[in-house]
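See below for work-v4.cif, which holds mmCIF, C-alpha atoms.
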```
data_start
loop_
_atom_site.group_PDB
_atom_site.id
_atom_site.type_symbol
_atom_site.label_atom_id
_atom_site.label_comp_id
_atom_site.auth_asym_id
_atom_site.auth_seq_id
_atom_site.Cartn_x
_atom_site.Cartn_y
_atom_site.Cartn_z
ATOM 1 C CA MET A 503 -43.027 9.865 -35.396
ATOM 2 C CA THR A 504 -44.082 8.313 -38.689
ATOM 3 C CA THR A 505 -47.017 10.079 -40.305
ATOM 4 C CA VAL A 506 -49.599 7.886 -42.026
ATOM 5 C CA THR A 507 -50.828 9.363 -45.313
ATOM 6 C CA GLN A 508 -53.244 6.626 -46.419
ATOM 7 C CA HIS A 509 -54.798 3.405 -45.148
ATOM 8 C CA ALA A 510 -55.017 0.298 -47.303
ATOM 9 C CA PRO A 511 -58.486 -1.296 -47.483
ATOM 10 C CA GLY A 512 -58.958 -3.633 -44.542
ATOM 11 C CA THR A 513 -56.858 -1.523 -42.154
ATOM 12 C CA PHE A 514 -58.299 -0.333 -38.847
ATOM 13 C CA SER A 515 -57.971 3.366 -39.453
ATOM 14 C CA TRP A 516 -59.869 5.276 -36.769
ATOM 15 C CA PRO A 517 -61.014 4.932 -33.140
ATOM 16 C CA GLU A 518 -63.970 7.033 -32.005
ATOM 17 C CA LEU A 519 -65.349 7.390 -28.499
ATOM 18 C CA SER A 520 -69.029 8.087 -27.865
ATOM 19 C CA THR A 521 -69.434 9.143 -24.256
ATOM 20 C CA SER A 522 -71.943 10.444 -21.742
ATOM 21 C CA ASN A 523 -69.737 13.339 -20.604
ATOM 22 C CA GLN A 524 -67.614 14.784 -23.371
ATOM 23 C CA GLU A 525 -65.702 17.301 -21.285
ATOM 24 C CA ALA A 526 -64.842 14.792 -18.564
ATOM 25 C CA ALA A 527 -63.766 12.185 -21.130
ATOM 26 C CA LYS A 528 -61.633 14.771 -22.913
ATOM 27 C CA LYS A 529 -59.832 15.599 -19.664
ATOM 28 C CA PHE A 530 -59.311 11.917 -18.829
ATOM 29 C CA TYR A 531 -57.800 10.855 -22.145
ATOM 30 C CA THR A 532 -55.692 13.931 -22.783
ATOM 31 C CA THR A 533 -54.192 13.540 -19.316
ATOM 32 C CA LEU A 534 -53.702 9.783 -19.648
ATOM 33 C CA PHE A 535 -52.109 9.717 -23.099
ATOM 34 C CA GLY A 536 -50.713 13.244 -23.416
ATOM 35 C CA TRP A 537 -53.066 14.049 -26.281
ATOM 36 C CA THR A 538 -54.317 17.488 -27.205
ATOM 37 C CA ALA A 539 -57.943 18.136 -28.107
ATOM 38 C CA LYS A 540 -59.410 20.227 -30.886
ATOM 39 C CA ASP A 541 -63.156 20.877 -30.773
ATOM 40 C CA ASN A 542 -65.116 21.200 -34.009
ATOM 41 C CA ASP A 543 -68.658 22.560 -34.207
ATOM 42 C CA ILE A 544 -70.682 20.126 -36.337
ATOM 43 C CA GLY A 545 -74.037 21.882 -35.981
ATOM 44 C CA GLN A 546 -77.186 21.347 -33.917
ATOM 45 C CA GLY A 547 -75.257 22.197 -30.778
ATOM 46 C CA MET A 548 -72.895 19.231 -31.194
ATOM 47 C CA THR A 549 -69.117 19.198 -30.956
ATOM 48 C CA TYR A 550 -66.744 16.619 -32.426
ATOM 49 C CA THR A 551 -63.430 16.568 -30.600
ATOM 50 C CA MET A 552 -60.338 15.526 -32.550
ATOM 51 C CA LEU A 553 -57.690 13.917 -30.362
ATOM 52 C CA GLN A 554 -54.145 14.598 -31.494
ATOM 53 C CA LYS A 555 -50.565 13.589 -30.790
ATOM 54 C CA ASP A 556 -47.964 16.135 -31.856
ATOM 55 C CA GLY A 557 -50.539 17.730 -34.136
ATOM 56 C CA LYS A 558 -51.533 14.456 -35.851
ATOM 57 C CA ASP A 559 -54.998 12.954 -35.447
ATOM 58 C CA VAL A 560 -55.123 9.745 -33.385
ATOM 59 C CA GLY A 561 -58.898 9.508 -32.819
ATOM 60 C CA ALA A 562 -61.927 11.444 -31.743
ATOM 61 C CA LEU A 563 -64.674 11.670 -29.172
ATOM 62 C CA CYS A 564 -68.236 12.925 -29.142
ATOM 63 C CA THR A 565 -71.373 12.768 -27.029
ATOM 64 C CA LEU A 566 -73.687 9.784 -27.309
ATOM 65 C CA GLN A 567 -76.715 10.632 -29.417
ATOM 66 C CA PRO A 568 -79.995 10.972 -27.441
ATOM 67 C CA GLU A 569 -81.539 8.035 -29.305
ATOM 68 C CA GLN A 570 -78.529 5.885 -28.405
ATOM 69 C CA ALA A 571 -78.849 6.804 -24.746
ATOM 70 C CA LYS A 572 -82.561 5.957 -24.813
ATOM 71 C CA GLN A 573 -81.723 2.551 -26.276
ATOM 72 C CA GLY A 574 -79.319 1.907 -23.425
ATOM 73 C CA VAL A 575 -76.153 2.099 -25.531
ATOM 74 C CA PRO A 576 -73.246 2.569 -23.094
ATOM 75 C CA PRO A 577 -70.234 4.797 -23.699
ATOM 76 C CA ASN A 578 -68.022 2.947 -26.160
ATOM 77 C CA TRP A 579 -65.032 3.045 -28.465
ATOM 78 C CA LEU A 580 -65.992 2.342 -32.093
ATOM 79 C CA SER A 581 -63.391 0.863 -34.453
ATOM 80 C CA TYR A 582 -63.440 1.945 -38.117
ATOM 81 C CA VAL A 583 -62.040 -0.142 -40.984
ATOM 82 C CA ALA A 584 -60.831 1.546 -44.176
ATOM 83 C CA VAL A 585 -62.702 0.492 -47.333
ATOM 84 C CA ASP A 586 -62.808 1.530 -50.967
ATOM 85 C CA SER A 587 -66.602 1.779 -50.873
ATOM 86 C CA ALA A 588 -68.821 2.085 -47.806
ATOM 87 C CA ASP A 589 -71.841 1.191 -49.944
ATOM 88 C CA GLN A 590 -70.294 -2.014 -51.230
ATOM 89 C CA ALA A 591 -69.167 -2.965 -47.730
ATOM 90 C CA ALA A 592 -72.678 -2.429 -46.350
ATOM 91 C CA ALA A 593 -74.196 -4.529 -49.115
ATOM 92 C CA ARG A 594 -71.703 -7.310 -48.445
ATOM 93 C CA VAL A 595 -72.442 -7.211 -44.723
ATOM 94 C CA LYS A 596 -76.126 -7.771 -45.430
ATOM 95 C CA GLN A 597 -75.361 -10.632 -47.813
ATOM 96 C CA LEU A 598 -73.287 -12.380 -45.147
ATOM 97 C CA GLY A 599 -75.848 -12.127 -42.359
ATOM 98 C CA GLY A 600 -74.700 -8.968 -40.613
ATOM 99 C CA GLN A 601 -76.781 -5.904 -39.794
ATOM 100 C CA VAL A 602 -76.352 -2.325 -40.966
ATOM 101 C CA HIS A 603 -77.253 -0.020 -38.084
ATOM 102 C CA MET A 604 -76.477 3.182 -39.975
ATOM 103 C CA GLU A 605 -76.697 3.075 -43.754
ATOM 104 C CA PRO A 606 -73.797 4.667 -45.671
ATOM 105 C CA PHE A 607 -73.797 8.470 -45.510
ATOM 106 C CA ASP A 608 -71.412 11.304 -46.262
ATOM 107 C CA VAL A 609 -69.632 13.071 -43.415
ATOM 108 C CA PHE A 610 -69.415 16.489 -45.041
ATOM 109 C CA ASP A 611 -66.549 16.157 -47.553
ATOM 110 C CA PHE A 612 -64.307 14.197 -45.166
ATOM 111 C CA GLY A 613 -65.488 10.725 -46.128
ATOM 112 C CA ARG A 614 -68.368 8.266 -46.249
ATOM 113 C CA MET A 615 -69.181 5.856 -43.451
ATOM 114 C CA ALA A 616 -71.552 3.180 -42.211
ATOM 115 C CA VAL A 617 -72.055 1.460 -38.861
ATOM 116 C CA MET A 618 -72.818 -2.247 -38.797
ATOM 117 C CA ALA A 619 -72.703 -5.418 -36.734
ATOM 118 C CA ASP A 620 -71.441 -8.898 -37.509
ATOM 119 C CA PRO A 621 -73.737 -11.957 -37.165
ATOM 120 C CA THR A 622 -72.569 -12.474 -33.568
ATOM 121 C CA GLY A 623 -73.488 -8.904 -32.595
ATOM 122 C CA ALA A 624 -70.160 -7.044 -32.497
ATOM 123 C CA VAL A 625 -70.450 -3.477 -33.805
ATOM 124 C CA PHE A 626 -67.892 -1.818 -36.078
ATOM 125 C CA ALA A 627 -67.777 0.916 -38.710
ATOM 126 C CA VAL A 628 -66.287 1.399 -42.163
ATOM 127 C CA TRP A 629 -64.669 4.550 -43.534
ATOM 128 C CA GLU A 630 -64.352 5.485 -47.185
ATOM 129 C CA SER A 631 -61.900 8.361 -46.983
ATOM 130 C CA LYS A 632 -62.072 11.577 -48.930
ATOM 131 C CA LYS A 633 -60.443 14.604 -47.291
ATOM 132 C CA HIS A 634 -59.819 12.775 -44.010
ATOM 133 C CA ILE A 635 -57.946 9.469 -44.117
ATOM 134 C CA GLY A 636 -58.440 8.619 -40.446
ATOM 135 C CA ALA A 637 -55.592 8.359 -37.956
ATOM 136 C CA GLY A 638 -52.410 10.124 -38.952
ATOM 137 C CA VAL A 639 -50.398 8.065 -36.462
ATOM 138 C CA LEU A 640 -50.578 4.337 -35.667
ATOM 139 C CA ASN A 641 -48.494 1.763 -33.836
ATOM 140 C CA GLU A 642 -46.505 4.004 -31.526
ATOM 141 C CA ASN A 643 -46.904 5.234 -27.971
ATOM 142 C CA GLY A 644 -50.069 7.288 -27.637
ATOM 143 C CA ALA A 645 -51.732 5.860 -30.744
ATOM 144 C CA MET A 646 -53.992 2.982 -31.693
ATOM 145 C CA THR A 647 -52.009 -0.186 -32.265
ATOM 146 C CA TRP A 648 -54.426 -3.137 -32.250
ATOM 147 C CA ASN A 649 -58.094 -4.079 -32.587
ATOM 148 C CA GLU A 650 -59.448 -7.309 -31.185
ATOM 149 C CA LEU A 651 -62.788 -9.050 -31.555
ATOM 150 C CA LEU A 652 -64.212 -10.926 -28.594
ATOM 151 C CA THR A 653 -67.052 -13.164 -29.754
ATOM 152 C CA ASN A 654 -69.031 -16.223 -28.709
ATOM 153 C CA ASP A 655 -68.813 -17.811 -32.180
ATOM 154 C CA PRO A 656 -65.297 -17.504 -33.621
ATOM 155 C CA LYS A 657 -65.975 -19.656 -36.686
ATOM 156 C CA LYS A 658 -69.029 -17.654 -37.731
ATOM 157 C CA ALA A 659 -67.220 -14.365 -37.093
ATOM 158 C CA ALA A 660 -64.117 -15.440 -39.025
ATOM 159 C CA ALA A 661 -66.170 -16.508 -42.036
ATOM 160 C CA PHE A 662 -68.037 -13.194 -41.973
ATOM 161 C CA TYR A 663 -65.033 -10.862 -41.763
ATOM 162 C CA THR A 664 -62.978 -12.699 -44.362
ATOM 163 C CA GLY A 665 -65.977 -12.297 -46.650
ATOM 164 C CA VAL A 666 -66.351 -8.559 -46.029
ATOM 165 C CA PHE A 667 -62.707 -7.448 -45.899
ATOM 166 C CA PRO A 668 -59.550 -8.568 -47.747
ATOM 167 C CA TRP A 669 -58.553 -10.677 -44.755
ATOM 168 C CA LYS A 670 -57.438 -14.234 -44.228
ATOM 169 C CA THR A 671 -57.051 -16.005 -40.897
ATOM 170 C CA GLU A 672 -54.131 -17.602 -39.109
ATOM 171 C CA THR A 673 -54.545 -19.626 -35.897
ATOM 172 C CA MET A 674 -52.171 -19.190 -32.974
ATOM 173 C CA PRO A 675 -52.447 -21.888 -30.267
ATOM 174 C CA MET A 676 -52.311 -20.379 -26.775
ATOM 175 C CA ASP A 677 -52.502 -21.772 -23.247
ATOM 176 C CA ASN A 678 -56.037 -20.482 -22.721
ATOM 177 C CA GLY A 679 -57.423 -21.220 -26.194
ATOM 178 C CA ASP A 680 -56.692 -20.543 -29.842
ATOM 179 C CA TYR A 681 -56.157 -16.955 -30.948
ATOM 180 C CA THR A 682 -57.091 -16.038 -34.499
ATOM 181 C CA LEU A 683 -55.131 -13.428 -36.400
ATOM 182 C CA PHE A 684 -56.805 -11.561 -39.228
ATOM 183 C CA LYS A 685 -54.181 -11.073 -41.922
ATOM 184 C CA ARG A 686 -54.192 -8.424 -44.677
ATOM 185 C CA GLY A 687 -51.610 -9.889 -46.978
ATOM 186 C CA GLU A 688 -48.576 -10.428 -44.764
ATOM 187 C CA ALA A 689 -49.642 -7.720 -42.315
ATOM 188 C CA ASN A 690 -51.651 -8.355 -39.169
ATOM 189 C CA ALA A 691 -55.035 -6.624 -39.415
ATOM 190 C CA GLY A 692 -56.571 -7.579 -36.064
ATOM 191 C CA GLY A 693 -57.328 -10.418 -33.702
ATOM 192 C CA LEU A 694 -60.190 -12.689 -32.660
ATOM 193 C CA PHE A 695 -60.669 -14.502 -29.368
ATOM 194 C CA GLU A 696 -63.571 -16.510 -27.968
ATOM 195 C CA ILE A 697 -65.452 -15.171 -24.954
ATOM 196 C CA ARG A 698 -64.883 -17.724 -22.190
ATOM 197 C CA PRO A 699 -67.154 -18.353 -19.178
ATOM 198 C CA GLU A 700 -64.553 -17.051 -16.737
ATOM 199 C CA MET A 701 -64.660 -13.700 -18.507
ATOM 200 C CA GLY A 702 -68.191 -13.165 -17.197
ATOM 201 C CA PRO A 703 -71.217 -11.810 -19.056
ATOM 202 C CA MET A 704 -69.970 -9.901 -22.062
ATOM 203 C CA PRO A 705 -71.544 -9.069 -25.414
ATOM 204 C CA PRO A 706 -69.440 -9.647 -28.546
ATOM 205 C CA ASN A 707 -67.379 -6.520 -29.154
ATOM 206 C CA TRP A 708 -64.374 -4.991 -30.886
ATOM 207 C CA SER A 709 -61.802 -3.678 -28.415
ATOM 208 C CA VAL A 710 -59.326 -0.934 -29.252
ATOM 209 C CA TYR A 711 -55.748 -1.034 -27.924
ATOM 210 C CA PHE A 712 -53.572 2.032 -27.432
ATOM 211 C CA GLN A 713 -49.813 1.642 -27.238
ATOM 212 C CA VAL A 714 -48.066 2.898 -24.101
ATOM 213 C CA GLU A 715 -44.514 2.856 -22.778
ATOM 214 C CA ASP A 716 -45.397 1.259 -19.429
ATOM 215 C CA ALA A 717 -48.644 -0.681 -18.932
ATOM 216 C CA ASP A 718 -48.350 -0.704 -15.127
ATOM 217 C CA ALA A 719 -47.686 3.013 -14.814
ATOM 218 C CA THR A 720 -50.473 3.889 -17.267
ATOM 219 C CA THR A 721 -52.912 1.637 -15.411
ATOM 220 C CA ALA A 722 -52.036 3.246 -12.104
ATOM 221 C CA LYS A 723 -52.457 6.709 -13.620
ATOM 222 C CA ALA A 724 -55.868 5.771 -15.062
ATOM 223 C CA VAL A 725 -57.046 4.355 -11.733
ATOM 224 C CA GLY A 726 -55.939 7.553 -10.022
ATOM 225 C CA MET A 727 -58.318 9.426 -12.328
ATOM 226 C CA GLY A 728 -61.290 7.172 -11.629
ATOM 227 C CA ALA A 729 -60.869 4.328 -14.111
ATOM 228 C CA LYS A 730 -61.652 0.709 -13.267
ATOM 229 C CA VAL A 731 -59.429 -2.249 -14.073
ATOM 230 C CA PHE A 732 -61.055 -5.157 -15.911
ATOM 231 C CA VAL A 733 -57.798 -6.993 -16.667
ATOM 232 C CA PRO A 734 -54.734 -5.972 -14.638
ATOM 233 C CA PRO A 735 -51.380 -5.605 -16.397
ATOM 234 C CA THR A 736 -50.659 -9.033 -17.809
ATOM 235 C CA ASP A 737 -47.829 -10.428 -19.875
ATOM 236 C CA VAL A 738 -48.592 -12.086 -23.209
ATOM 237 C CA PRO A 739 -45.534 -14.165 -24.122
ATOM 238 C CA HIS A 740 -43.673 -12.884 -27.176
ATOM 239 C CA VAL A 741 -46.174 -10.019 -27.575
ATOM 240 C CA GLY A 742 -46.177 -7.500 -24.725
ATOM 241 C CA ARG A 743 -47.852 -6.469 -21.486
ATOM 242 C CA PHE A 744 -51.472 -5.328 -21.647
ATOM 243 C CA ALA A 745 -54.346 -4.209 -19.440
ATOM 244 C CA THR A 746 -58.036 -3.630 -20.039
ATOM 245 C CA LEU A 747 -59.588 -0.587 -18.414
ATOM 246 C CA GLN A 748 -62.923 1.204 -18.141
ATOM 247 C CA ASP A 749 -62.896 4.979 -18.195
ATOM 248 C CA PRO A 750 -64.908 6.951 -15.591
ATOM 249 C CA GLN A 751 -67.870 7.272 -17.992
ATOM 250 C CA GLY A 752 -67.972 3.519 -18.680
ATOM 251 C CA ALA A 753 -66.172 3.007 -22.010
ATOM 252 C CA VAL A 754 -63.813 0.025 -22.131
ATOM 253 C CA PHE A 755 -60.410 0.141 -23.838
ATOM 254 C CA SER A 756 -57.082 -1.634 -23.613
ATOM 255 C CA ILE A 757 -53.464 -0.564 -23.434
ATOM 256 C CA ILE A 758 -50.346 -2.490 -24.400
ATOM 257 C CA ALA A 759 -46.624 -1.968 -23.950
ATOM 258 C CA TYR A 760 -44.363 -3.833 -26.329
ATOM 259 C CA PRO A 761 -40.920 -5.129 -25.350
ATOM 260 C CA THR A 762 -38.149 -2.612 -25.887
ATOM 261 C CA GLN A 763 -35.997 -3.608 -28.807
ATOM 262 C CA ALA A 764 -32.384 -4.175 -27.854
#
```
As structure tokens, how would this structure be written, given the file I've shared?
Amino acid sequence: MTTVTQHAPGTFSWPELSTSNQEAAKKFYTTLFGWTAKDNDIGQGMTYTMLQKDGKDVGALCTLQPEQAKQGVPPNWLSYVAVDSADQAAARVKQLGGQVHMEPFDVFDFGRMAVMADPTGAVFAVWESKKHIGAGVLNENGAMTWNELLTNDPKKAAAFYTGVFPWKTETMPMDNGDYTLFKRGEANAGGLFEIRPEMGPMPPNWSVYFQVEDADATTAKAVGMGAKVFVPPTDVPHVGRFATLQDPQGAVFSIIAYPTQA
């Protein structure tokens, strides 16, 4: 296991689940991915659960805030992007037509964050690290490996994100439409795909992918614990085999197994 010690600006650095049943979600994900959970009292009767792989943080989960529940916000995975300055990122988001749902604020002495939405409506967060860098493990089984934007206006979204983060775009022609890669230098930062009619009613959103050894086996295991399958295990040529699932509380996430290197 390679331990991550810092995240370059523009890197997806942290996945966080807000759920309607924290204990049930904790049981589901620790069983599915082999994670361990460490609860932290954050005051006012709230607990923030760190999810870990071999003692290294891979993400977290917490209970949806009452005001979020009243607004009809469903359980969801929130993707965080590392930045040098949460305040500067929030200001840039406003300049480029996005919305800041939660203005920058300090999370104790761990870091500074903000929650925002792009002009098409997809929600994401930024993290200015201090004592906590974010995920200590990425891109291996049981850890976050990819983040993908589904949107109804790819051009508008691409212009926005390349203006907020140090990203450029690269187009990959595919059988079912162009796929846009967000590039941070030579590294892949994330992906962008247009919501198509056959995908059904869907709001623009950032999806988090967790790497697994076997997409079919993991899907079957998730279903056995009450998950629903949105996209069954499917091969993406030259990439891997993925599936999109919904946990028993309603949060959507994806898994992907990459080809074994010979």
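The space separating CA of Tyr582 (chain A) from CA of Asp559 (chain A) comes to 14.1 Å.
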Counting all atoms listed in the file, give me one row per residue of region 721-749 of chain A with an atom at most 12 Å from an atom of region 653-677 of chain A, showing the shortest contact pair and its distance in Å to one decimal, sorted by chain then residue number, as a tab-separated table.
```
residue	atom	partner	partner_atom	distance
A:Val738	CA	A:Met676	CA	9.8
A:Pro739	CA	A:Met676	CA	9.6
A:His740	CA	A:Met676	CA	11.4
```
Selection file, C-alpha atoms, as a short mmCIF file (atom, residue, chain, number, x, y, z; two decimals), in the coordinates of the input:
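Here's the written file result.cif:
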```
data_model
loop_
_atom_site.label_atom_id
_atom_site.label_comp_id
_atom_site.auth_asym_id
_atom_site.auth_seq_id
_atom_site.Cartn_x
_atom_site.Cartn_y
_atom_site.Cartn_z
CA VAL A 738 -48.59 -12.09 -23.21
CA PRO A 739 -45.53 -14.16 -24.12
CA HIS A 740 -43.67 -12.88 -27.18
#
```
Fill in the blank from the handout: Counting only C-alpha atoms, the residue among A:Asp716, A:Glu688, A:Asp586, A:Asp620 that lies closest to Ile635 (chain A) is A:Asp586
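Here CA of Gln524 (chain A) and CA of Gly561 (chain A) stand 13.9 Å from one another.
What separates CA of Thr721 (chain A) from CA of Gly638 (chain A) is a distance of 25.0 Å.
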Practice task
For Ala627 (chain A), list every protein, DNA or RNA residue within 12 Å, evaluated using only C-alpha atoms, and leave out those in the same chain fewer than 6 positions away; present the list as an NGL selection string.
Solution key: :A and (512-518 or 579-585 or 588-589 or 591-592 or 595 or 601-607 or 614-620 or 708)
Exercise for the section: With a distance cut-off of 9 Å and all atoms listed in the file, select the neighbouring residues of region 729-736 of chain A, excluding the residue or stretch itself and same-chain residues fewer than 5 positions from it, and output the selection as a VMD selection string. Expected result: chain A and resid 717 to 718 721 723 to 724 742 to 752 754 756 to 758
Practice task
Take the PyMOL selection byres ((chain A and resi 546-556) around 10), apply it to the structure above, and return the hits as an MDAnalysis selection string.
Solution key: chainID A and resid 503 517:520 524:525 528 531:532 535:545 557:565 567 637:639 643:645
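Checking A:Thr622, A:Gln573, A:Asn649, A:Ser522 one by one against Gln713 (chain A), counting all atoms listed in the file, you find the shortest gap at A:Asn649.
If you measure from each of A:Tyr681, A:Trp648, A:Phe695, A:Tyr760 to Glu715 (chain A) using all atoms listed in the file, the closest one turns out to be A:Tyr760.
Once region 631-634 of chain A and its same-chain neighbours fewer than 3 positions away are set aside, Asp611, Phe612, Gly613 and Arg614 of chain A remain within 7 Å of it when counting all atoms listed in the file.
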Extract region 589-600 of chain A from the structure I just pasted (atoms: N, CA and C atoms) and return it as a PDB file, in the first residue's frame.
```
ATOM      1  N   ASP A 589     -10.945  30.047   0.155  1.00  0.00           N
ATOM      2  CA  ASP A 589     -11.550  31.364  -0.067  1.00  0.00           C
ATOM      3  C   ASP A 589     -11.394  31.813  -1.513  1.00  0.00           C
ATOM      4  N   GLN A 590     -10.211  31.616  -2.058  1.00  0.00           N
ATOM      5  CA  GLN A 590      -9.986  31.995  -3.454  1.00  0.00           C
ATOM      6  C   GLN A 590     -10.808  31.132  -4.394  1.00  0.00           C
ATOM      7  N   ALA A 591     -10.927  29.843  -4.077  1.00  0.00           N
ATOM      8  CA  ALA A 591     -11.730  28.954  -4.913  1.00  0.00           C
ATOM      9  C   ALA A 591     -13.195  29.374  -4.895  1.00  0.00           C
ATOM     10  N   ALA A 592     -13.710  29.723  -3.724  1.00  0.00           N
ATOM     11  CA  ALA A 592     -15.107  30.151  -3.617  1.00  0.00           C
ATOM     12  C   ALA A 592     -15.348  31.437  -4.407  1.00  0.00           C
ATOM     13  N   ALA A 593     -14.409  32.358  -4.315  1.00  0.00           N
ATOM     14  CA  ALA A 593     -14.550  33.610  -5.059  1.00  0.00           C
ATOM     15  C   ALA A 593     -14.545  33.352  -6.555  1.00  0.00           C
ATOM     16  N   ARG A 594     -13.688  32.442  -6.995  1.00  0.00           N
ATOM     17  CA  ARG A 594     -13.609  32.117  -8.418  1.00  0.00           C
ATOM     18  C   ARG A 594     -14.885  31.438  -8.894  1.00  0.00           C
ATOM     19  N   VAL A 595     -15.443  30.578  -8.073  1.00  0.00           N
ATOM     20  CA  VAL A 595     -16.695  29.906  -8.412  1.00  0.00           C
ATOM     21  C   VAL A 595     -17.796  30.927  -8.668  1.00  0.00           C
ATOM     22  N   LYS A 596     -17.879  31.920  -7.803  1.00  0.00           N
ATOM     23  CA  LYS A 596     -18.896  32.963  -7.976  1.00  0.00           C
ATOM     24  C   LYS A 596     -18.661  33.750  -9.257  1.00  0.00           C
ATOM     25  N   GLN A 597     -17.416  34.065  -9.545  1.00  0.00           N
ATOM     26  CA  GLN A 597     -17.082  34.820 -10.753  1.00  0.00           C
ATOM     27  C   GLN A 597     -17.495  34.075 -12.018  1.00  0.00           C
ATOM     28  N   LEU A 598     -17.425  32.745 -11.976  1.00  0.00           N
ATOM     29  CA  LEU A 598     -17.682  31.935 -13.157  1.00  0.00           C
ATOM     30  C   LEU A 598     -19.110  31.391 -13.221  1.00  0.00           C
ATOM     31  N   GLY A 599     -19.990  31.915 -12.383  1.00  0.00           N
ATOM     32  CA  GLY A 599     -21.396  31.558 -12.476  1.00  0.00           C
ATOM     33  C   GLY A 599     -21.844  30.396 -11.627  1.00  0.00           C
ATOM     34  N   GLY A 600     -20.965  29.901 -10.747  1.00  0.00           N
ATOM     35  CA  GLY A 600     -21.372  28.834  -9.845  1.00  0.00           C
ATOM     36  C   GLY A 600     -22.007  29.397  -8.580  1.00  0.00           C
TER      37      GLY A 600
END
```
